[in-house]
>>> print(open('run-v8.cif').read())   # mmCIF, C-alpha atoms
data_model
loop_
_atom_site.label_atom_id
_atom_site.label_comp_id
_atom_site.auth_asym_id
_atom_site.auth_seq_id
_atom_site.Cartn_x
_atom_site.Cartn_y
_atom_site.Cartn_z
CA MET A 1 92.45 141.28 163.99
CA ASN A 2 90.23 141.95 166.96
CA PRO A 3 89.03 145.59 166.71
CA LYS A 4 88.28 145.70 170.43
CA ARG A 5 91.90 145.04 171.28
CA VAL A 6 93.08 147.79 168.92
CA ALA A 7 90.56 150.42 169.99
CA GLY A 8 90.66 149.58 173.68
CA PRO A 9 93.87 151.43 174.69
CA PHE A 10 92.85 154.52 172.71
CA LEU A 11 89.39 154.53 174.28
CA PHE A 12 90.93 154.09 177.70
CA ALA A 13 93.14 157.16 177.18
CA ALA A 14 90.27 159.21 175.78
CA LEU A 15 88.06 158.44 178.74
CA ALA A 16 90.87 159.35 181.11
CA LEU A 17 91.07 162.81 179.56
CA ALA A 18 87.30 163.24 179.52
CA LEU A 19 86.69 162.37 183.15
CA PRO A 20 85.94 165.24 185.52
CA ALA A 21 88.60 166.38 187.97
CA HIS A 22 86.99 164.49 190.90
CA ALA A 23 87.11 161.08 189.11
CA GLN A 24 90.05 159.08 190.41
CA THR A 25 89.57 155.54 189.04
CA LEU A 26 88.79 154.16 185.60
CA TYR A 27 87.61 150.55 185.25
CA ARG A 28 87.93 148.04 182.41
CA TYR A 29 85.99 144.80 182.55
CA VAL A 30 84.09 142.21 180.47
CA ASP A 31 80.33 142.17 181.02
CA PRO A 32 78.18 138.96 181.00
CA SER A 33 77.57 139.43 177.24
CA GLY A 34 81.29 139.34 176.52
CA HIS A 35 81.62 143.06 175.76
CA VAL A 36 84.63 145.02 176.98
CA VAL A 37 83.45 148.00 179.03
CA TYR A 38 85.37 151.11 180.09
CA SER A 39 83.73 153.16 182.86
CA ASP A 40 84.42 155.34 185.87
CA GLN A 41 81.72 153.38 187.75
CA PRO A 42 82.62 150.19 189.65
CA PRO A 43 81.83 147.01 187.65
CA PRO A 44 78.92 144.71 188.58
CA PRO A 45 79.65 141.64 190.71
CA ASP A 46 79.44 139.26 187.72
CA ALA A 47 82.00 141.20 185.64
CA LYS A 48 85.14 139.39 184.50
CA GLY A 49 88.68 140.54 183.84
CA VAL A 50 88.31 143.65 185.98
CA GLN A 51 91.16 146.15 185.70
CA SER A 52 91.41 149.59 187.28
CA LYS A 53 93.61 152.60 186.68
CA GLN A 54 94.25 155.41 189.16
CA LEU A 55 94.04 158.82 187.55
CA GLN A 56 95.21 162.27 188.60
CA GLY A 57 92.60 165.02 188.66
CA ASN A 58 92.63 167.36 185.67
CA VAL A 59 94.56 170.46 186.73
CA ILE A 60 95.14 173.55 184.61
CA ASP A 61 98.36 175.39 185.46
CA THR A 62 97.53 179.10 185.55
CA ASP A 63 100.96 180.21 186.77
CA ALA A 64 102.37 182.53 184.09
CA THR A 65 105.91 182.16 185.46
CA PRO A 66 108.03 180.29 182.88
CA LEU A 67 109.23 176.83 183.86
CA ALA A 68 112.88 177.89 183.57
CA THR A 69 112.24 180.73 186.02
CA ARG A 70 110.52 178.42 188.50
CA GLN A 71 113.41 175.96 188.31
CA ALA A 72 115.93 178.76 188.88
CA MET A 73 113.87 180.05 191.82
CA GLN A 74 114.04 176.64 193.49
CA ALA A 75 117.78 176.26 193.03
CA PHE A 76 118.89 179.90 193.35
CA PRO A 77 116.31 182.15 195.06
CA VAL A 78 116.99 185.87 194.64
CA THR A 79 117.04 188.44 197.45
CA LEU A 80 117.46 192.18 196.99
CA TYR A 81 118.88 194.15 199.92
CA THR A 82 117.95 197.78 199.40
CA PHE A 83 116.58 201.03 200.83
CA ASP A 84 115.41 204.43 199.60
CA CYS A 85 118.74 205.43 198.07
CA GLY A 86 117.33 207.14 194.99
CA ASP A 87 117.97 206.33 191.35
CA VAL A 88 120.51 203.56 192.01
CA CYS A 89 118.17 201.45 194.13
CA ARG A 90 115.25 202.13 191.79
CA GLU A 91 117.33 200.97 188.81
CA ALA A 92 118.31 197.82 190.72
CA GLN A 93 114.66 197.03 191.45
CA ALA A 94 113.66 197.84 187.86
CA LEU A 95 116.24 195.44 186.45
CA LEU A 96 114.73 192.50 188.31
CA ALA A 97 111.22 193.57 187.31
CA ARG A 98 112.12 193.92 183.62
CA ARG A 99 113.77 190.53 183.55
CA GLY A 100 110.84 188.90 185.35
CA VAL A 101 112.83 187.65 188.33
CA PRO A 102 110.66 186.96 191.41
CA HIS A 103 112.58 187.97 194.52
CA ALA A 104 112.42 188.80 198.19
CA THR A 105 113.22 192.36 199.25
CA VAL A 106 114.99 193.21 202.50
CA ASP A 107 114.77 196.80 203.76
CA VAL A 108 118.21 197.36 205.28
CA THR A 109 117.10 200.44 207.24
CA THR A 110 115.19 198.22 209.67
CA PRO A 111 117.10 196.65 212.58
CA GLU A 112 116.41 193.16 211.25
CA GLY A 113 117.34 194.05 207.68
CA GLY A 114 120.51 195.85 208.74
CA THR A 115 121.59 192.84 210.77
CA LYS A 116 121.02 190.50 207.83
CA LEU A 117 123.02 192.77 205.52
CA LYS A 118 125.90 193.00 208.01
CA SER A 119 125.95 189.23 208.46
CA LEU A 120 125.89 188.64 204.72
CA THR A 121 128.45 191.18 203.50
CA GLY A 122 130.28 192.36 206.60
CA GLY A 123 129.33 195.94 205.79
CA GLN A 124 126.41 198.32 205.30
CA SER A 125 126.64 199.05 201.57
CA ALA A 126 123.49 198.67 199.48
CA PRO A 127 121.92 197.69 197.15
CA VAL A 128 123.07 194.08 197.27
CA LEU A 129 121.93 191.20 195.07
CA GLN A 130 122.00 187.68 196.49
CA VAL A 131 121.41 184.78 194.09
CA GLY A 132 121.29 181.47 195.89
CA ASP A 133 123.71 180.85 198.75
CA LYS A 134 127.01 181.77 197.13
CA ARG A 135 126.41 184.35 194.39
CA LEU A 136 126.61 187.90 195.70
CA ALA A 137 127.02 191.38 194.20
CA VAL A 138 127.57 194.37 196.48
CA GLY A 139 126.61 197.66 194.83
CA TYR A 140 124.57 197.98 191.64
CA ASN A 141 126.37 197.06 188.44
CA GLU A 142 123.98 196.01 185.70
CA ALA A 143 126.44 193.84 183.80
CA ARG A 144 127.47 192.01 186.96
CA TRP A 145 123.86 191.49 188.08
CA GLN A 146 122.83 190.22 184.65
CA ALA A 147 125.74 187.78 184.69
CA LEU A 148 124.73 186.40 188.09
CA LEU A 149 121.17 185.84 186.89
CA ASP A 150 122.46 184.18 183.70
CA GLU A 151 124.65 181.81 185.72
CA ALA A 152 121.68 180.86 187.89
CA GLY A 153 119.56 180.00 184.84
CA TYR A 154 117.04 182.84 184.92
CA PRO A 155 115.76 183.31 181.33
CA LYS A 156 116.29 186.64 179.62
CA ASP A 157 112.93 186.55 177.84
CA ALA A 158 110.63 186.00 180.84
CA PRO A 159 107.59 188.31 181.06
CA PRO A 160 108.19 191.35 183.29
CA LEU A 161 106.93 191.28 186.85
CA ARG A 162 103.61 192.95 187.47
CA ALA A 163 103.72 196.27 189.24
CA GLY A 164 103.12 196.03 192.96
CA PRO A 165 103.06 192.40 194.10
CA GLY A 166 106.08 191.30 192.06
CA ALA A 167 108.45 191.18 194.99
CA ALA A 168 107.93 189.93 198.49
CA THR A 169 109.25 192.07 201.33
CA ALA A 170 111.17 190.19 203.97
CA SER A 171 109.61 191.70 207.05
CA THR A 172 107.69 190.51 210.07
CA PRO A 173 103.95 191.28 209.66
CA GLY A 174 102.37 192.72 212.74
CA GLY A 175 105.70 193.24 214.51
CA PRO A 176 106.27 196.34 216.64
CA ALA A 177 107.60 199.38 214.86
CA PRO A 178 111.22 200.18 215.73
CA ALA A 179 111.67 202.94 218.27
CA ALA A 180 114.01 204.81 215.94
CA PRO A 181 115.05 204.18 212.33
CA ALA A 182 118.41 202.57 211.83
CA ALA A 183 121.22 204.58 210.31
CA LYS A 184 121.21 204.61 206.54
CA PRO A 185 123.76 202.27 204.93
CA SER A 186 126.97 203.96 203.92
CA ALA A 187 128.27 204.14 200.40
CA PRO A 188 131.32 202.01 199.59
CA GLY A 189 134.52 203.87 200.44
CA ALA A 190 132.87 206.44 202.71
CA ALA A 191 135.17 208.09 205.29
CA ALA A 192 135.01 206.63 208.80
CA ALA A 193 134.39 210.05 210.32
CA ALA A 194 131.38 210.77 208.12
CA PRO A 195 128.12 211.29 210.04
CA PRO A 196 125.55 208.47 209.85
CA ALA A 197 123.23 210.45 207.60
CA ALA A 198 121.75 208.88 204.46
CA PRO A 199 123.87 209.36 201.32
CA ALA A 200 122.63 211.77 198.72
CA LYS A 201 120.09 210.02 196.54
CA GLY A 202 121.51 208.60 193.34
CA THR A 203 125.15 209.13 194.35
CA GLY A 204 127.93 207.28 196.09
CA TYR A 205 127.24 203.80 194.70
CA PRO A 206 129.22 201.69 192.24
CA GLN A 207 128.03 202.00 188.69
#
>>> encode(input="run-v8.cif", output="structure tokens")
Amino acid sequence: MNPKRVAGPFLFAALALALPAHAQTLYRYVDPSGHVVYSDQPPPPDAKGVQSKQLQGNVIDTDATPLATRQAMQAFPVTLYTFDCGDVCREAQALLARRGVPHATVDVTTPEGGTKLKSLTGGQSAPVLQVGDKRLAVGYNEARWQALLDEAGYPKDAPPLRAGPGAATASTPGGPAPAAPAAKPSAPGAAAAAPPAAPAKGTGYPQ
């Protein structure tokens, strides 16, 4: 048995792992003395049996987001439509943070956010959870929201989101401030004659 033929593939793989990130090609050739050589340097002109292998640079994935979460994000991105409605909206935000669900946040008190909410739900009730294109929950209900995230494949054991930059706000950076704040969204079932004031914090939303 030729030991060179046995050791060659293993040596080739070992060198591929040992090469620095900038090395892109590994060469195998037979030198004038008949020795099989593996190198990341181009072979001399008199080399025989030259073979080359293209390698990917060594990359270390530092993203702490679980693979299952990243796959769910690609297929079913999550958007939270909310505003400063008190405990209910804070609990809705906290649920996504605890479960480690990256999401976009739309402030429905802005003209742009209010228009998006109206187009999506036909009303002005918030908070609203959108998971992908078709899954939607109007009003905060923990069991319902958990079920939507389960159906979309978001893992239950993902690490919680970090405080602060966990959610992206869907707003236009550098845009002009609105001349006047939009009316606060109404609670589901509110009377038509009710004034457009913000609902009392922590009340008037589905539980």
>>> residues_around(input="run-v8.cif", residues="A:Leu26", least_positions_apart="4", cutoff="6 Å", atoms="only C-alpha atoms", output="NGL selection string")
:A and (39-40 or 52-53)
>>> resolve_selection(input="run-v8.cif", expression="the PyMOL selection byres ((chain A and resi 157) around 10)", output="list of chain:residue names")
A:Pro66, A:Arg98, A:Arg99, A:Gly100, A:Tyr154, A:Pro155, A:Lys156, A:Ala158, A:Pro159, A:Pro160
>>> atom_distance(input="run-v8.cif", atom1="atom CA of A:Ala147", atom2="atom CA of A:Cys85")
23.2 Å
>>> atom_distance(input="run-v8.cif", atom1="atom CA of A:Thr82", atom2="atom CA of A:Val138")
10.6 Å
>>> axis_aligned_box(input="run-v8.cif", around="stretch 136-152 of chain A", padding_each_side="3 Å", output="lines of an AutoDock Vina configuration file")
center_x = 124.4
center_y = 189.4
center_z = 190.1
size_x = 12.4
size_y = 23.1
size_z = 18.8
>>> atom_distance(input="run-v8.cif", atom1="atom CA of A:Ala75", atom2="atom CA of A:His103")
12.9 Å
>>> closest_residue(input="run-v8.cif", among="A:Arg28, A:Arg162, A:Lys118, A:His35", to="A:Ala97", atoms="all atoms listed in the file")
A:Arg162
>>> residues_around(input="run-v8.cif", residues="A:Leu129", least_positions_apart="2", cutoff="7 Å", atoms="all atoms listed in the file", output="PDB file with C-alpha atoms, in the coordinates of the input")
ATOM      1  CA  THR A  79     117.040 188.440 197.450  1.00  0.00           C
ATOM      2  CA  LEU A  80     117.460 192.180 196.990  1.00  0.00           C
ATOM      3  CA  TYR A  81     118.880 194.150 199.920  1.00  0.00           C
ATOM      4  CA  PRO A 127     121.920 197.690 197.150  1.00  0.00           C
ATOM      5  CA  VAL A 131     121.410 184.780 194.090  1.00  0.00           C
ATOM      6  CA  LEU A 136     126.610 187.900 195.700  1.00  0.00           C
ATOM      7  CA  ALA A 137     127.020 191.380 194.200  1.00  0.00           C
ATOM      8  CA  VAL A 138     127.570 194.370 196.480  1.00  0.00           C
TER       9      VAL A 138
END
